[in-house]
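Have a look at structure.txt below; it lists compact mmCIF, C-alpha atoms.
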```
# COMPACT_ATOMS: atom_id res chain seq x y z
CA MET A 1 17.82 -68.55 -91.13
CA LEU A 2 21.38 -68.08 -89.89
CA MET A 3 22.05 -65.98 -86.82
CA PRO A 4 25.06 -63.57 -86.88
CA ALA A 5 28.20 -64.95 -85.25
CA ARG A 6 28.71 -61.75 -83.20
CA LEU A 7 25.67 -62.60 -81.05
CA PHE A 8 27.61 -65.60 -79.71
CA GLN A 9 31.12 -64.15 -79.41
CA ARG A 10 32.51 -62.97 -76.10
CA GLU A 11 34.97 -60.06 -76.18
CA PHE A 12 38.04 -60.02 -73.95
CA ILE A 13 41.55 -58.56 -73.85
CA ARG A 14 44.80 -60.49 -73.53
CA PHE A 15 48.27 -59.29 -72.62
CA VAL A 16 50.72 -59.99 -75.46
CA GLY A 17 54.00 -58.75 -74.02
CA THR A 18 56.34 -55.90 -73.10
CA GLN A 19 59.56 -54.98 -74.90
CA ALA A 20 62.18 -52.32 -74.25
CA ILE A 21 62.16 -49.49 -76.81
CA VAL A 22 65.55 -47.85 -77.41
CA PRO A 23 65.52 -44.65 -79.54
CA GLY A 24 67.56 -45.42 -82.66
CA GLY A 25 67.78 -49.03 -81.53
CA ALA A 26 66.75 -52.38 -82.95
CA GLN A 27 63.31 -53.37 -84.17
CA VAL A 28 61.23 -55.35 -81.66
CA GLN A 29 58.46 -57.82 -82.37
CA PHE A 30 55.31 -59.11 -80.69
CA ASP A 31 53.84 -62.47 -81.72
CA LEU A 32 50.07 -62.36 -81.32
CA GLN A 33 48.30 -65.11 -79.42
CA ARG A 34 46.72 -67.74 -81.65
CA VAL A 35 43.22 -67.56 -80.26
CA GLY A 36 39.82 -66.50 -81.60
CA TYR A 37 39.37 -63.47 -83.85
CA CYS A 38 41.19 -60.15 -83.43
CA PRO A 39 39.49 -56.77 -84.06
CA GLY A 40 42.52 -54.76 -82.97
CA LEU A 41 45.52 -54.18 -80.71
CA ILE A 42 46.08 -51.67 -77.91
CA VAL A 43 49.65 -50.34 -77.80
CA ARG A 44 51.21 -48.35 -74.97
CA LEU A 45 54.61 -46.65 -74.80
CA SER A 46 55.59 -45.86 -71.23
CA GLY A 47 58.68 -45.13 -69.17
CA THR A 48 60.81 -42.12 -68.27
CA HIS A 49 63.34 -39.70 -69.70
CA THR A 50 65.47 -36.89 -68.36
CA VAL A 51 65.70 -33.41 -69.85
CA ALA A 52 68.76 -31.33 -68.94
CA THR A 53 70.11 -27.83 -69.73
CA ALA A 54 66.97 -26.46 -71.43
CA ASP A 55 63.59 -27.41 -72.82
CA ALA A 56 63.95 -30.17 -75.44
CA GLY A 57 60.91 -29.07 -77.48
CA THR A 58 58.57 -31.28 -79.46
CA ALA A 59 59.33 -32.05 -83.11
CA ALA A 60 56.73 -31.27 -85.78
CA ARG A 61 55.14 -34.73 -85.76
CA GLY A 62 56.22 -35.58 -82.26
CA PRO A 63 55.89 -37.13 -79.83
CA TYR A 64 54.23 -39.98 -81.78
CA SER A 65 57.18 -39.97 -84.18
CA ILE A 66 59.27 -41.68 -81.52
CA ILE A 67 57.96 -44.79 -83.32
CA ARG A 68 59.18 -44.85 -86.91
CA ARG A 69 57.27 -47.94 -88.04
CA PHE A 70 54.37 -50.16 -86.99
CA LEU A 71 54.16 -53.17 -89.31
CA LEU A 72 51.53 -55.87 -88.77
CA GLN A 73 52.40 -58.98 -90.74
CA PRO A 74 50.03 -61.95 -91.06
CA PRO A 75 51.57 -65.15 -92.47
CA GLY A 76 52.02 -65.32 -96.23
CA ALA A 77 50.39 -61.98 -97.04
CA GLN A 78 51.11 -58.31 -97.48
CA PRO A 79 51.27 -56.28 -94.24
CA LEU A 80 47.88 -55.09 -93.05
CA LEU A 81 49.40 -52.00 -91.49
CA ASN A 82 52.61 -50.20 -92.46
CA LEU A 83 52.61 -46.79 -90.75
CA ASP A 84 54.69 -44.55 -88.54
CA GLY A 85 53.47 -43.43 -85.12
CA PRO A 86 52.00 -40.05 -86.19
CA ASN A 87 49.93 -41.49 -89.04
CA LEU A 88 48.54 -44.29 -86.87
CA HIS A 89 47.57 -41.64 -84.30
CA LEU A 90 45.60 -39.73 -86.96
CA HIS A 91 43.57 -42.80 -87.93
CA ASN A 92 42.83 -43.29 -84.23
CA VAL A 93 41.41 -39.77 -84.07
CA TYR A 94 38.93 -40.25 -86.93
CA ARG A 95 37.78 -43.84 -86.42
CA LYS A 96 35.05 -45.29 -84.16
CA ASP A 97 36.56 -48.41 -82.66
CA PHE A 98 35.17 -48.86 -79.17
CA SER A 99 31.68 -47.38 -79.34
CA PRO A 100 29.64 -46.71 -82.49
CA HIS A 101 28.86 -43.06 -81.83
CA VAL A 102 32.07 -41.99 -80.05
CA PRO A 103 34.85 -40.96 -82.46
CA GLY A 104 38.51 -41.47 -81.73
CA ALA A 105 40.42 -43.78 -79.44
CA VAL A 106 42.50 -40.75 -78.42
CA ALA A 107 41.24 -37.76 -76.43
CA LYS A 108 41.42 -34.33 -78.04
CA ASN A 109 40.92 -30.92 -76.46
CA LEU A 110 39.37 -27.92 -78.18
CA GLU A 111 41.60 -25.41 -76.43
CA TYR A 112 44.61 -26.77 -78.32
CA LEU A 113 43.12 -26.32 -81.77
CA GLU A 114 45.32 -23.32 -82.62
CA LEU A 115 48.62 -24.77 -81.45
CA ALA A 116 51.00 -25.44 -84.32
CA ASN A 117 52.05 -28.85 -83.03
CA TRP A 118 50.37 -31.97 -81.69
CA PRO A 119 47.91 -30.99 -78.92
CA GLU A 120 48.96 -31.84 -75.38
CA SER A 121 46.02 -33.75 -73.93
CA VAL A 122 45.30 -33.52 -70.22
CA GLY A 123 44.11 -37.11 -70.38
CA PRO A 124 46.24 -40.23 -69.88
CA ASP A 125 46.69 -40.86 -73.62
CA LEU A 126 49.49 -38.32 -74.06
CA VAL A 127 52.14 -37.50 -71.45
CA TRP A 128 55.37 -36.25 -73.01
CA PRO A 129 57.32 -33.78 -70.85
CA THR A 130 59.93 -31.60 -72.58
CA GLY A 131 60.91 -29.29 -69.72
CA ILE A 132 63.94 -29.71 -67.49
CA GLY A 133 63.60 -32.57 -65.04
CA ALA A 134 64.95 -36.00 -64.15
CA GLY A 135 63.06 -39.27 -64.56
CA GLN A 136 59.94 -37.69 -66.01
CA VAL A 137 57.06 -40.05 -66.80
CA VAL A 138 56.18 -40.74 -70.45
CA ASN A 139 52.88 -42.23 -71.65
CA LEU A 140 51.64 -42.63 -75.26
CA TRP A 141 48.80 -44.81 -76.57
CA TRP A 142 47.81 -46.13 -79.99
CA PHE A 143 45.11 -48.48 -81.22
CA ILE A 144 45.82 -50.71 -84.23
CA PRO A 145 42.38 -51.18 -85.83
CA LEU A 146 41.69 -54.25 -87.95
CA THR A 147 37.92 -53.92 -88.50
CA ARG A 148 35.88 -51.13 -90.05
CA SER A 149 34.28 -50.08 -86.75
CA ALA A 150 32.73 -51.22 -83.48
CA PHE A 151 29.65 -52.51 -85.35
CA ASP A 152 31.01 -53.44 -88.77
CA LEU A 153 33.51 -56.25 -88.23
CA ARG A 154 34.75 -56.57 -91.78
CA GLY A 155 38.51 -56.98 -91.51
CA LEU A 156 38.30 -59.26 -88.47
CA LEU A 157 41.54 -61.28 -88.30
CA PRO A 158 41.26 -65.03 -87.53
CA LEU A 159 44.07 -66.10 -85.22
CA GLY A 160 42.93 -69.48 -83.92
CA ASN A 161 45.23 -71.46 -86.21
CA GLN A 162 48.76 -72.83 -86.40
CA THR A 163 50.34 -69.76 -87.97
CA THR A 164 51.62 -66.64 -86.23
CA THR A 165 50.81 -63.00 -86.93
CA THR A 166 53.53 -60.60 -85.77
CA LEU A 167 53.63 -56.90 -84.94
CA PHE A 168 57.03 -55.37 -85.75
CA VAL A 169 57.89 -52.03 -84.13
CA THR A 170 60.82 -49.87 -85.24
CA PRO A 171 61.87 -47.05 -82.87
CA GLY A 172 62.69 -43.62 -84.19
CA VAL A 173 65.63 -41.54 -83.01
CA LEU A 174 65.33 -38.76 -80.44
CA ALA A 175 65.54 -36.14 -83.20
CA ASP A 176 62.26 -37.52 -84.60
CA ALA A 177 60.43 -36.57 -81.41
CA PHE A 178 62.39 -33.60 -79.95
CA THR A 179 63.60 -30.36 -81.50
CA VAL A 180 66.71 -30.37 -79.26
CA PRO A 181 67.45 -34.08 -78.82
CA GLY A 182 70.83 -33.41 -77.20
CA ASN A 183 69.00 -32.23 -74.07
CA VAL A 184 67.35 -35.62 -73.58
CA THR A 185 69.17 -38.33 -71.66
CA ALA A 186 68.49 -41.47 -69.66
CA THR A 187 65.60 -42.72 -71.77
CA ALA A 188 63.96 -45.83 -70.36
CA TYR A 189 61.01 -46.65 -72.62
CA ALA A 190 58.98 -49.85 -72.91
CA MET A 191 56.15 -50.88 -75.21
CA THR A 192 53.26 -53.05 -74.07
CA VAL A 193 50.78 -54.66 -76.45
CA TYR A 194 47.29 -55.93 -75.61
CA GLN A 195 45.22 -58.05 -77.99
CA LEU A 196 41.46 -57.67 -78.34
CA VAL A 197 39.84 -61.06 -78.88
CA LEU A 198 36.41 -62.19 -80.00
CA SER A 199 35.83 -65.82 -79.04
CA THR A 200 35.01 -68.50 -81.59
CA PRO A 201 31.22 -68.94 -81.88
CA PRO A 202 29.67 -72.35 -81.15
CA PRO A 203 29.85 -74.79 -84.09
CA ARG A 204 26.12 -74.81 -84.75
CA ALA A 205 24.38 -75.09 -88.10
CA ASP A 206 22.15 -72.09 -87.35
CA ILE A 207 25.09 -69.71 -86.64
CA ALA A 208 26.88 -68.01 -89.53
CA ALA A 209 30.67 -68.13 -89.51
CA PRO A 210 32.44 -64.79 -88.86
CA ASP A 211 33.09 -62.86 -92.07
CA THR A 212 36.84 -63.01 -92.71
CA GLY A 213 36.66 -62.19 -96.41
CA TYR A 214 37.89 -58.60 -96.02
CA VAL A 215 40.89 -56.74 -94.64
CA ILE A 216 41.39 -53.09 -93.71
CA THR A 217 44.85 -51.92 -94.81
CA TYR A 218 46.85 -48.79 -93.98
CA GLU A 219 49.75 -47.28 -95.91
CA GLU A 220 51.67 -44.02 -96.14
CA GLN A 221 53.77 -41.87 -98.48
CA ASP A 222 55.43 -38.46 -98.32
CA GLN A 223 56.75 -35.83 -100.70
CA VAL A 224 58.37 -32.41 -100.81
CA MET A 225 56.00 -29.45 -100.48
CA VAL A 226 56.35 -26.72 -103.13
CA ALA A 227 54.80 -23.32 -103.70
CA GLY A 228 51.74 -23.69 -105.93
CA VAL A 229 49.73 -26.86 -106.51
CA ASN A 230 51.01 -29.95 -104.71
CA ALA A 231 49.59 -33.04 -106.42
CA VAL A 232 49.41 -36.17 -104.26
CA ASN A 233 48.69 -39.22 -106.43
CA ILE A 234 46.88 -42.04 -104.63
CA ASP A 235 47.16 -45.63 -105.88
CA PRO A 236 43.62 -46.43 -107.10
CA HIS A 237 42.92 -49.95 -105.90
CA ASP A 238 40.35 -51.56 -103.60
CA THR A 239 37.89 -49.30 -101.75
CA ILE A 240 39.31 -46.11 -100.25
CA ILE A 241 37.71 -45.09 -96.98
CA ARG A 242 40.08 -42.36 -95.73
CA ILE A 243 42.92 -40.13 -96.96
CA ILE A 244 44.78 -37.93 -94.45
CA HIS A 245 47.44 -35.31 -95.24
CA THR A 246 49.81 -33.73 -92.71
CA MET A 247 51.62 -30.55 -93.80
CA VAL A 248 54.98 -29.76 -92.17
CA GLN A 249 56.92 -26.53 -92.69
CA ASN A 250 59.64 -24.81 -90.66
CA GLY A 251 59.51 -27.55 -88.06
CA LEU A 252 55.76 -27.13 -87.46
CA VAL A 253 52.63 -28.97 -88.51
CA ASP A 254 50.58 -26.14 -89.98
CA THR A 255 48.23 -25.28 -92.88
CA ASN A 256 48.44 -21.49 -92.70
CA ASN A 257 50.07 -21.31 -96.13
CA CYS A 258 47.57 -23.75 -97.69
CA THR A 259 44.85 -21.74 -99.41
CA ALA A 260 42.79 -24.32 -101.31
CA ILE A 261 42.26 -28.06 -101.67
CA SER A 262 40.98 -30.22 -104.52
CA LEU A 263 40.20 -33.90 -104.90
CA ARG A 264 39.87 -35.40 -108.36
CA LEU A 265 38.78 -38.87 -109.51
CA ASP A 266 39.90 -39.16 -113.13
CA GLU A 267 38.53 -35.91 -114.63
CA SER A 268 35.75 -35.42 -112.08
CA PHE A 269 36.28 -33.10 -109.12
CA VAL A 270 34.93 -34.12 -105.70
CA LEU A 271 36.37 -30.84 -104.41
CA ASN A 272 37.54 -28.10 -106.76
CA ALA A 273 39.84 -25.44 -105.27
CA LEU A 274 37.77 -25.27 -102.10
CA ASP A 275 38.88 -22.79 -99.45
CA ARG A 276 40.95 -24.72 -96.91
CA ILE A 277 39.22 -23.07 -93.93
CA ALA A 278 35.80 -24.20 -95.18
CA TRP A 279 36.99 -27.79 -95.51
CA GLU A 280 38.44 -27.77 -91.99
CA LEU A 281 34.99 -26.81 -90.69
CA VAL A 282 33.45 -29.75 -92.59
CA GLN A 283 36.00 -32.31 -91.43
CA ASN A 284 35.68 -31.17 -87.81
CA ALA A 285 31.87 -31.35 -87.93
CA ARG A 286 31.98 -34.84 -89.42
CA SER A 287 34.44 -36.22 -86.89
CA GLY A 288 32.72 -34.70 -83.86
CA GLN A 289 35.94 -33.16 -82.62
CA SER A 290 38.46 -30.53 -83.65
CA SER A 291 41.26 -31.66 -85.93
CA ARG A 292 44.57 -29.99 -85.24
CA ARG A 293 45.72 -27.31 -87.65
CA GLY A 294 47.95 -28.80 -90.32
CA VAL A 295 45.86 -31.91 -91.01
CA ILE A 296 43.55 -32.30 -94.01
CA CYS A 297 41.30 -35.38 -93.85
CA HIS A 298 39.11 -36.77 -96.63
CA ASP A 299 37.05 -39.17 -94.52
CA PHE A 300 34.79 -41.14 -96.86
CA ASP A 301 33.74 -43.24 -93.87
CA HIS A 302 32.23 -40.39 -91.84
CA MET A 303 28.80 -42.09 -91.90
CA VAL A 304 30.16 -45.17 -90.14
CA ASP A 305 27.71 -46.77 -87.69
CA SER A 306 25.13 -44.04 -88.27
CA ASP A 307 22.65 -46.87 -88.83
CA GLY A 308 22.90 -48.31 -85.30
CA SER A 309 22.84 -52.08 -84.90
CA ALA A 310 21.34 -52.95 -88.32
CA PRO A 311 24.42 -54.87 -89.57
CA ILE A 312 24.36 -57.14 -86.50
CA VAL A 313 20.69 -57.65 -85.72
CA LEU A 314 19.14 -57.92 -89.18
CA PRO A 315 19.64 -61.31 -90.85
CA GLY A 316 20.35 -61.80 -94.52
CA GLU A 317 21.12 -58.82 -96.72
CA ARG A 318 22.36 -55.54 -95.29
CA ALA A 319 19.56 -53.09 -94.55
CA LEU A 320 19.18 -49.82 -96.45
CA PRO A 321 20.49 -47.62 -93.60
CA PHE A 322 23.71 -49.64 -93.65
CA ALA A 323 24.00 -49.12 -97.41
CA LEU A 324 23.67 -45.38 -96.82
CA SER A 325 26.50 -45.45 -94.29
CA ILE A 326 28.95 -46.75 -96.90
CA SER A 327 27.70 -44.60 -99.77
CA PRO A 328 30.57 -42.04 -99.57
CA TRP A 329 33.23 -44.72 -100.11
CA VAL A 330 35.49 -44.37 -103.15
CA HIS A 331 35.13 -47.59 -105.14
CA THR A 332 37.98 -47.77 -107.61
CA GLU A 333 36.87 -50.42 -110.11
CA GLN A 334 36.30 -47.77 -112.80
CA VAL A 335 38.81 -45.18 -111.56
CA ALA A 336 42.23 -44.86 -113.19
CA THR A 337 43.65 -41.90 -111.22
CA ILE A 338 43.03 -40.36 -107.81
CA ARG A 339 44.67 -36.99 -107.29
CA SER A 340 44.55 -34.86 -104.15
CA GLU A 341 45.76 -31.28 -104.62
CA LEU A 342 46.96 -28.87 -101.92
CA THR A 343 47.59 -25.31 -103.10
CA CYS A 344 50.26 -23.52 -101.05
CA THR A 345 51.45 -19.91 -101.17
CA ALA A 346 55.00 -20.79 -100.10
CA ALA A 347 57.16 -23.70 -99.02
CA ALA A 348 60.16 -22.89 -96.85
CA GLY A 349 62.85 -25.07 -95.34
CA THR A 350 62.34 -28.83 -95.43
CA ALA A 351 58.61 -28.56 -96.09
CA ARG A 352 56.89 -31.92 -96.66
CA ILE A 353 53.44 -33.44 -97.07
CA PHE A 354 52.81 -36.76 -95.32
CA THR A 355 49.87 -38.83 -96.58
CA THR A 356 48.21 -41.95 -95.21
CA VAL A 357 45.42 -44.02 -96.80
CA ALA A 358 42.98 -46.57 -95.35
CA ARG A 359 41.36 -49.13 -97.66
CA LEU A 360 38.86 -51.95 -97.51
CA ALA A 361 40.01 -54.91 -99.60
CA ARG A 362 38.64 -58.36 -100.33
CA VAL A 363 40.87 -61.26 -99.36
CA ARG A 364 42.15 -62.81 -102.57
CA GLY A 365 43.24 -66.36 -103.00
```
Could I get this file's structure written as structure tokens?
Amino acid sequence: MLMPARLFQREFIRFVGTQAIVPGGAQVQFDLQRVGYCPGLIVRLSGTHTVATADAGTAARGPYSIIRRFLLQPPGAQPLLNLDGPNLHLHNVYRKDFSPHVPGAVAKNLEYLELANWPESVGPDLVWPTGIGAGQVVNLWWFIPLTRSAFDLRGLLPLGNQTTTTLFVTPGVLADAFTVPGNVTATAYAMTVYQLVLSTPPPRADIAAPDTGYVITYEEQDQVMVAGVNAVNIDPHDTIIRIIHTMVQNGLVDTNNCTAISLRLDESFVLNALDRIAWELVQNARSGQSSRRGVICHDFDHMVDSDGSAPIVLPGERALPFALSISPWVHTEQVATIRSELTCTAAAGTARIFTTVARLARVRG
């Protein structure tokens, strides 16, 4: 009987590096350390900026939109992650990466539920001053998740080899993060990356090798919002575990003009013109925290880790509770079309819908 590798792996964190981030400037890159197995990366944007004349305001998807692109590229494969800062932040909110029953790597506060922009957390994860002042401290955090959860390590990335996996980061411009970017000067930002590492288990015949046959991938798309039914077509491949929409109108992230939502797999409706308010109650109850207004999340992984330590402790086949925890997943082998519909009463200005999708995929080759 083989014992699970995780029982013999030690977890630690390594410093990868720090790079200057210049709004509108060049892409920077971080080469991950070639050691052990990686379940994820911790990313911090810190530094200072000066606001003069008047309040600079926060853009609709700011301040996380100060990063236009996170791209994680393993050698000889498609990127595992290809997202902007706001979409990565949303996955952080809904996932369970550090403890099985604690959702979100980012703190959220209930009192900010009704604000029509990203909530300003009183915790250390979000410090983004927009008022007048010189040399004001900035602090943003992200987590780049590579496994399904704290307990389910499918997606674990092996790095103890001779090839290099690289994180590419593309800065946005000040107008991506501020409503009045001309009031912001003297930006001095830096990004620091930390690598979570699980050590290589002992080479013993009674210890199973870590499962590296899966990857978790993240992608995004966006489209113009129109009055009436907005159809968002999702590419139906692999196993879909989460779809998140962000609705932006008149410079605000808001769903006030969204009246109903539908989700259709081929000709079958998972949701059929459901009242948007009712769905927001469901998604908040499932996540254990309040989603901000303007975000619609179809989280097919809301049962994650509900089964405790069964995947780690039990040898052989997965136990029934674990099977129940993955039962909501959307398996696409027999699905030709996936269509998410958002019904809106109006669409003014440069109204858009931003969508991000998380998938579980088998490694092919």
Ref. answer, residues at most 7 Å from (29.8, -45.5, -94.8) with only C-alpha atoms, as a PyMOL selection string: chain A and resi 300-304+324-329
Residues near Gly294 in chain A, cut-off 7 Å, all atoms listed in the file, skip fewer than 5 positions along chain, as a list in words: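 Here the answer would be Thr246, Met247, Val253, Asp254 and Thr255 of chain A.
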Nearest candidate to Thr343 in chain A (options A:Ala273, A:Ala56, A:Ile296, A:Leu252; using all atoms listed in the file):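 Residue with the minimum atom-to-atom distance to Thr343 in chain A: A:Ala273.
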Nearest to Val22 in chain A, chosen from A:Val357, A:Met191, A:Ala285, A:Val102, with only C-alpha atoms counted in the distances: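 Of the candidates, the smallest distance to Val22 in chain A is held by A:Met191.
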Interatomic distance, CA of Cys38 in chain A to CA of Asp206 in chain A (Å, one decimal): 22.8 Å
Who sits within 12 Å of Thr53 in chain A, only C-alpha atoms, same chain under 5 positions skipped, as a ChimeraX atom specification: /A:130-134,180-185
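All protein and nucleic acid residues in the vicinity of (33.6, -48.3, -88.0), that is within 7 Å when counting only C-alpha atoms, are A:Arg95, A:Lys96, A:Asp97, A:Pro100, A:Arg148, A:Ser149, A:Ala150, A:Phe151, A:Asp152, A:Val304, A:Asp305.
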Two-atom distance - CA of Ser199 in chain A, CA of Gln9 in chain A (Å): 5.0 Å
CA of Gln195 in chain A to CA of Gln162 in chain A, distance in Å rounded to a single decimal: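 Value for the CA of Gln195 in chain A-CA of Gln162 in chain A distance: 17.4 Å.
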9 Å contact set for Val232 in chain A, all atoms listed in the file, chain neighbours under 3 positions out, as a VMD selection string: chain A and resid 222 to 223 338 to 342 353 355
Nearest to Tyr189 in chain A, chosen from A:Ala20, A:Ile13, A:Cys344, A:Ile207, with all atoms listed in the file counted in the distances: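 So, comparing all the options, the nearest one is A:Ala20.
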For Gly24 in chain A, the nearest of the candidates A:Leu263, A:Ala59, A:Thr337, A:Leu174, counting all atoms listed in the file: A:Leu174
A:Ala358, A:Ala278, A:Val270, A:Met3 ranked by distance to Ile244 in chain A, top pick (using only C-alpha atoms):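 Result for the nearest residue to Ile244 in chain A: A:Ala358.
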Nearest residue to Arg359 in chain A from the set A:Leu265, A:Ile234, A:Ala346, A:Leu41 (distances using only C-alpha atoms): A:Ile234
Range 81-88 of chain A surroundings by only C-alpha atoms, 9 Å radius, close-in-sequence under 4 positions cut, as a PyMOL selection string: chain A and resi 61-73+92-93+142-144+146+170+216-220+244+246+354-356
Distance query Thr147 in chain A at most 8 Å, only C-alpha atoms, self and fewer than 5 positions along chain excluded, as a PyMOL selection string: chain A and resi 39-40+152-156+215-216
